[in-house]
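Colleague: Here it is, the structure, as structure tokens.
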Amino acid sequence: MGHSAADAKRTLVIGVGNLLRGDDGVGVRVAQALAREPLPEEVEVIDAGTQGLDLLFEFGDAERVLLIDAAEMGQTPGEARVFDAALLDGQAEVRFSCLHGIGIAEVLALGRAAGMQPQMTIVGIQPVDTSPREGLSETLAARLSEYVALARGELAGAHETQGLRGAGQGSDISGEDSRCGR
């Protein structure tokens, strides 16, 4: 892939999660599916798995970041919602994956402290089962193409994604996450 002027407007799609914990791996699965599709030149898909602070190095010069992850939102299992990361601070409803003992909230906060300010959108998907097992639950597996389409819509800038924006409803990435062993 040759680097061009488009690099300045780089958009990152980052799939987060642990493939060995059932639905916790859904973000990675969505990213892998997206990576197989034709995407605009400036879009780069990263399967971040459970890497923690290393994620910050990926943000670098990105203008937009779309993060896809399983999220405990108290929604119906399989439900997907889109959050504006800038509006998630300091509230306490939604819990995302734990990345090597550090929550996504901390990663984002450190990124901001370091002066990285990409426009960040998070697609959260309510898991069914995050116990140790390989593969997604039937519920999430059946809707994988829907999540890929949702992510594509966000990439295309379809910001009002069928009323899925969850930003104003007490959403959160406080980092108080049972999966982080706190």
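Note on naming: chains are A, B, ... as they come in the structure tokens, residues start from 1 per chain, ligands start from 1 in the order shown.
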Please identify all polymer residues within 7 Å of Gly135 (chain A), counting only C-alpha atoms, omitting same-chain residues fewer than 2 positions from it, and present them as an mmCIF file with C-alpha atoms, in the first residue's frame.

Modeller:
data_model
loop_
_atom_site.group_PDB
_atom_site.id
_atom_site.type_symbol
_atom_site.label_atom_id
_atom_site.label_comp_id
_atom_site.auth_asym_id
_atom_site.auth_seq_id
_atom_site.Cartn_x
_atom_site.Cartn_y
_atom_site.Cartn_z
ATOM 1 C CA LEU A 19 -11.415 -13.997 20.876
ATOM 2 C CA GLY A 22 -16.888 -15.656 23.418
ATOM 3 C CA ARG A 133 -14.963 -20.104 24.876
ATOM 4 C CA SER A 137 -22.820 -16.777 20.546
#

Colleague: Check region 4-164 of chain A with DSSP on the backbone and list each residue it calls strand (DSSP E or B), as a PyMOL selection string.

Modeller: chain A and resi 11-16+21+43-49+64-72+80-84+95-96+98-99+102-103+119-125+133

Colleague: Between A:Pro40, A:Gly157, A:Pro127, A:Gly49, which has the minimum distance to Gly15 (chain A) (counting only C-alpha atoms)?

Modeller: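 Of A:Pro40, A:Gly157, A:Pro127, A:Gly49, the one nearest Gly15 (chain A) is A:Gly49, counting only C-alpha atoms.
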
Colleague: What are the closest atom pairs, with distances in Å to one decimal, for all residues of region 46-73 of chain A lying within 9 Å of region 96-116 of chain A? Consider only C-alpha atoms, order rows by chain and residue number, and present the result as CSV.

Modeller:
residue,atom,partner,partner_atom,distance
A:Gly49,CA,A:Leu99,CA,8.2
A:Thr50,CA,A:Leu99,CA,4.7
A:Gln51,CA,A:Leu99,CA,5.7
A:Gly52,CA,A:Leu99,CA,4.6
A:Leu53,CA,A:Val107,CA,6.0
A:Leu55,CA,A:Val107,CA,7.6
A:Leu56,CA,A:Gly111,CA,6.2
A:Phe59,CA,A:Met116,CA,7.3
A:Gly60,CA,A:Met116,CA,7.0
A:Asp61,CA,A:Met116,CA,8.0
A:Ala62,CA,A:Met116,CA,8.7
A:Asp69,CA,A:Phe96,CA,6.6
A:Ala70,CA,A:Phe96,CA,6.1
A:Ala71,CA,A:Phe96,CA,4.5
A:Glu72,CA,A:Phe96,CA,6.4
A:Met73,CA,A:Phe96,CA,8.7

Colleague: Give me the residues within 12 Å of Arg29 (chain A) as a PyMOL selection string, counting only C-alpha atoms and dropping any in the same chain fewer than 4 places off.

Modeller: chain A and resi 14-20+22-25+33-36+45-49+68-70+125+134-136+140-141+143-145+147-148

Colleague: Could those selected residues go to a file with N, CA and C atoms, as a compact mmCIF listing (two decimals), in the first residue's frame?

Modeller:
# COMPACT_ATOMS: atom_id res chain seq x y z
N ILE A 14 -10.70 0.18 14.62
CA ILE A 14 -9.99 -0.68 15.57
C ILE A 14 -10.98 -1.65 16.20
N GLY A 15 -10.73 -2.93 15.97
CA GLY A 15 -11.55 -3.97 16.60
C GLY A 15 -10.88 -4.42 17.87
N VAL A 16 -11.61 -4.35 18.99
CA VAL A 16 -11.06 -4.67 20.29
C VAL A 16 -11.78 -5.87 20.88
N GLY A 17 -11.06 -6.70 21.61
CA GLY A 17 -11.73 -7.79 22.31
C GLY A 17 -10.87 -9.03 22.38
N ASN A 18 -11.36 -9.98 23.14
CA ASN A 18 -10.62 -11.22 23.36
C ASN A 18 -11.37 -12.36 22.68
N LEU A 19 -10.77 -12.93 21.64
CA LEU A 19 -11.41 -14.00 20.88
C LEU A 19 -11.63 -15.26 21.70
N LEU A 20 -10.94 -15.37 22.83
CA LEU A 20 -11.07 -16.57 23.66
C LEU A 20 -12.14 -16.41 24.74
N GLY A 22 -15.58 -15.71 24.06
CA GLY A 22 -16.89 -15.66 23.42
C GLY A 22 -17.19 -14.32 22.76
N ASP A 23 -18.30 -13.71 23.17
CA ASP A 23 -18.76 -12.47 22.53
C ASP A 23 -17.85 -11.29 22.78
N ASP A 24 -16.93 -11.40 23.74
CA ASP A 24 -15.99 -10.31 23.95
C ASP A 24 -15.15 -10.08 22.69
N GLY A 25 -15.07 -11.09 21.84
CA GLY A 25 -14.28 -10.96 20.60
C GLY A 25 -15.04 -10.36 19.43
N ALA A 33 -13.90 -8.83 9.36
CA ALA A 33 -14.84 -8.88 8.24
C ALA A 33 -14.73 -7.61 7.40
N LEU A 34 -14.60 -6.46 8.09
CA LEU A 34 -14.47 -5.18 7.37
C LEU A 34 -13.19 -5.16 6.53
N ALA A 35 -12.13 -5.71 7.09
CA ALA A 35 -10.82 -5.68 6.41
C ALA A 35 -10.86 -6.45 5.10
N ARG A 36 -11.80 -7.38 4.98
CA ARG A 36 -11.90 -8.16 3.75
C ARG A 36 -12.71 -7.44 2.69
N VAL A 45 -7.77 -0.75 8.86
CA VAL A 45 -8.43 -1.59 9.86
C VAL A 45 -7.37 -2.28 10.72
N ILE A 46 -7.53 -2.19 12.03
CA ILE A 46 -6.57 -2.79 12.95
C ILE A 46 -7.30 -3.78 13.85
N ASP A 47 -6.81 -4.99 13.87
CA ASP A 47 -7.32 -5.98 14.81
C ASP A 47 -6.47 -5.81 16.06
N ALA A 48 -7.00 -5.08 17.05
CA ALA A 48 -6.20 -4.74 18.23
C ALA A 48 -6.27 -5.82 19.30
N GLY A 49 -7.21 -6.74 19.17
CA GLY A 49 -7.32 -7.78 20.17
C GLY A 49 -7.38 -7.20 21.56
N ILE A 68 -14.57 -0.63 17.71
CA ILE A 68 -15.68 -1.59 17.76
C ILE A 68 -15.40 -2.57 18.88
N ASP A 69 -16.36 -2.73 19.79
CA ASP A 69 -16.10 -3.54 20.97
C ASP A 69 -17.40 -4.05 21.57
N ALA A 70 -17.28 -5.18 22.27
CA ALA A 70 -18.41 -5.64 23.09
C ALA A 70 -18.58 -4.64 24.22
N ILE A 125 -21.42 -3.32 21.22
CA ILE A 125 -22.33 -4.42 20.93
C ILE A 125 -22.57 -5.20 22.22
N GLU A 134 -14.36 -20.26 22.55
CA GLU A 134 -14.03 -19.69 21.24
C GLU A 134 -15.31 -19.50 20.45
N GLY A 135 -15.34 -18.45 19.66
CA GLY A 135 -16.50 -18.24 18.79
C GLY A 135 -17.56 -17.40 19.46
N LEU A 136 -18.35 -16.75 18.63
CA LEU A 136 -19.42 -15.89 19.13
C LEU A 136 -20.66 -16.72 19.45
N LEU A 140 -25.02 -13.19 18.34
CA LEU A 140 -24.13 -12.20 17.73
C LEU A 140 -23.63 -12.67 16.37
N ALA A 141 -23.35 -13.97 16.24
CA ALA A 141 -22.85 -14.48 14.97
C ALA A 141 -23.86 -14.21 13.86
N ARG A 143 -25.82 -11.80 13.58
CA ARG A 143 -25.96 -10.36 13.27
C ARG A 143 -24.65 -9.71 12.85
N LEU A 144 -23.62 -10.53 12.64
CA LEU A 144 -22.30 -9.97 12.34
C LEU A 144 -22.34 -9.04 11.13
N SER A 145 -23.05 -9.45 10.08
CA SER A 145 -23.08 -8.61 8.86
C SER A 145 -23.77 -7.28 9.15
N TYR A 147 -23.52 -5.65 12.02
CA TYR A 147 -22.53 -4.81 12.70
C TYR A 147 -21.52 -4.25 11.69
N VAL A 148 -21.15 -5.08 10.72
CA VAL A 148 -20.22 -4.62 9.68
C VAL A 148 -20.87 -3.47 8.89

Colleague: Tell me, as a PyMOL selection string, which residues lie within 7 Å of Val43 (chain A), counting only C-alpha atoms; anything in the same chain fewer than 5 positions away does not count.

Modeller: chain A and resi 10-12

Colleague: Could you work out how far CA of Glu146 (chain A) lies from CA of Ala85 (chain A), giving the answer in Å with one decimal?

Modeller: 21.4 Å

Colleague: Between CA of Arg64 (chain A) and CA of Met120 (chain A), measure the distance and give it in Å to one decimal.

Modeller: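 Here the two named atoms are 5.8 Å from each other.
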
Colleague: Just the helix (DSSP H, G or I) stuff from region 44-98 of chain A, please, per backbone DSSP, written as a list in words.

Modeller: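 In region 44-98 of chain A, DSSP puts these residues in helix (DSSP H, G or I): Asp54, Leu55, Leu56, Phe57, Glu58, Phe59, Ala85, Ala86 and Leu87 of chain A.
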
Colleague: Output N, CA and C atoms of each residue in that selection to a file, as a PDB file, in the first residue's frame.

Modeller:
ATOM      1  N   ASP A  54      -0.639   0.033  23.852  1.00  0.00           N
ATOM      2  CA  ASP A  54      -0.094   0.036  22.488  1.00  0.00           C
ATOM      3  C   ASP A  54      -1.071   0.675  21.510  1.00  0.00           C
ATOM      4  N   LEU A  55      -2.347   0.643  21.853  1.00  0.00           N
ATOM      5  CA  LEU A  55      -3.361   1.251  20.988  1.00  0.00           C
ATOM      6  C   LEU A  55      -3.058   2.718  20.725  1.00  0.00           C
ATOM      7  N   LEU A  56      -2.492   3.380  21.737  1.00  0.00           N
ATOM      8  CA  LEU A  56      -2.201   4.808  21.594  1.00  0.00           C
ATOM      9  C   LEU A  56      -1.269   5.071  20.420  1.00  0.00           C
ATOM     10  N   PHE A  57      -0.329   4.141  20.193  1.00  0.00           N
ATOM     11  CA  PHE A  57       0.623   4.357  19.104  1.00  0.00           C
ATOM     12  C   PHE A  57      -0.087   4.275  17.761  1.00  0.00           C
ATOM     13  N   GLU A  58      -1.201   3.557  17.733  1.00  0.00           N
ATOM     14  CA  GLU A  58      -1.951   3.437  16.484  1.00  0.00           C
ATOM     15  C   GLU A  58      -2.669   4.748  16.155  1.00  0.00           C
ATOM     16  N   PHE A  59      -3.107   5.457  17.199  1.00  0.00           N
ATOM     17  CA  PHE A  59      -3.888   6.677  16.959  1.00  0.00           C
ATOM     18  C   PHE A  59      -3.090   7.711  16.181  1.00  0.00           C
ATOM     19  N   ALA A  85     -17.280   9.176  21.583  1.00  0.00           N
ATOM     20  CA  ALA A  85     -16.405   8.992  22.744  1.00  0.00           C
ATOM     21  C   ALA A  85     -16.259  10.274  23.555  1.00  0.00           C
ATOM     22  N   ALA A  86     -16.356  11.429  22.908  1.00  0.00           N
ATOM     23  CA  ALA A  86     -16.176  12.700  23.613  1.00  0.00           C
ATOM     24  C   ALA A  86     -17.292  12.924  24.635  1.00  0.00           C
ATOM     25  N   LEU A  87     -18.430  12.240  24.445  1.00  0.00           N
ATOM     26  CA  LEU A  87     -19.555  12.450  25.350  1.00  0.00           C
ATOM     27  C   LEU A  87     -19.659  11.371  26.417  1.00  0.00           C
TER      28      LEU A  87
END

Colleague: If you count only C-alpha atoms, which residues fall within 9 Å of Gly74 (chain A), apart from same-chain ones fewer than 2 positions away, as a list in words?

Modeller: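 My reading of the contact set: Ala71, Glu72, Thr76, Pro77, Glu93, Val94 and Gln126 of chain A.
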
Colleague: Keeping N, CA and C atoms, export the residues of the selection given above as a JSON list (two decimals), in the first residue's frame.

Modeller:
[["chain", "number", "residue", "atom", "x", "y", "z"],
["A", 71, "ALA", "N", -19.82, -4.36, 24.60],
["A", 71, "ALA", "CA", -20.07, -3.39, 25.66],
["A", 71, "ALA", "C", -21.24, -3.84, 26.51],
["A", 72, "GLU", "N", -21.03, -3.84, 27.82],
["A", 72, "GLU", "CA", -22.13, -4.11, 28.75],
["A", 72, "GLU", "C", -22.95, -2.83, 28.86],
["A", 76, "THR", "N", -30.63, -5.39, 25.16],
["A", 76, "THR", "CA", -30.93, -6.74, 24.70],
["A", 76, "THR", "C", -29.66, -7.31, 24.08],
["A", 77, "PRO", "N", -29.30, -8.55, 24.40],
["A", 77, "PRO", "CA", -28.11, -9.15, 23.79],
["A", 77, "PRO", "C", -28.13, -9.05, 22.27],
["A", 93, "GLU", "N", -22.63, 3.94, 32.96],
["A", 93, "GLU", "CA", -23.55, 2.88, 32.57],
["A", 93, "GLU", "C", -22.88, 1.79, 31.75],
["A", 94, "VAL", "N", -22.03, 2.18, 30.83],
["A", 94, "VAL", "CA", -21.54, 1.24, 29.83],
["A", 94, "VAL", "C", -20.13, 0.78, 30.14],
["A", 126, "GLN", "N", -23.83, -5.32, 22.61],
["A", 126, "GLN", "CA", -24.18, -6.00, 23.86],
["A", 126, "GLN", "C", -23.90, -7.50, 23.72]]

Colleague: Mind giving me the straight-line distance from CA of Val128 (chain A) to CA of Leu88 (chain A) in Å, one decimal?

Modeller: 22.8 Å
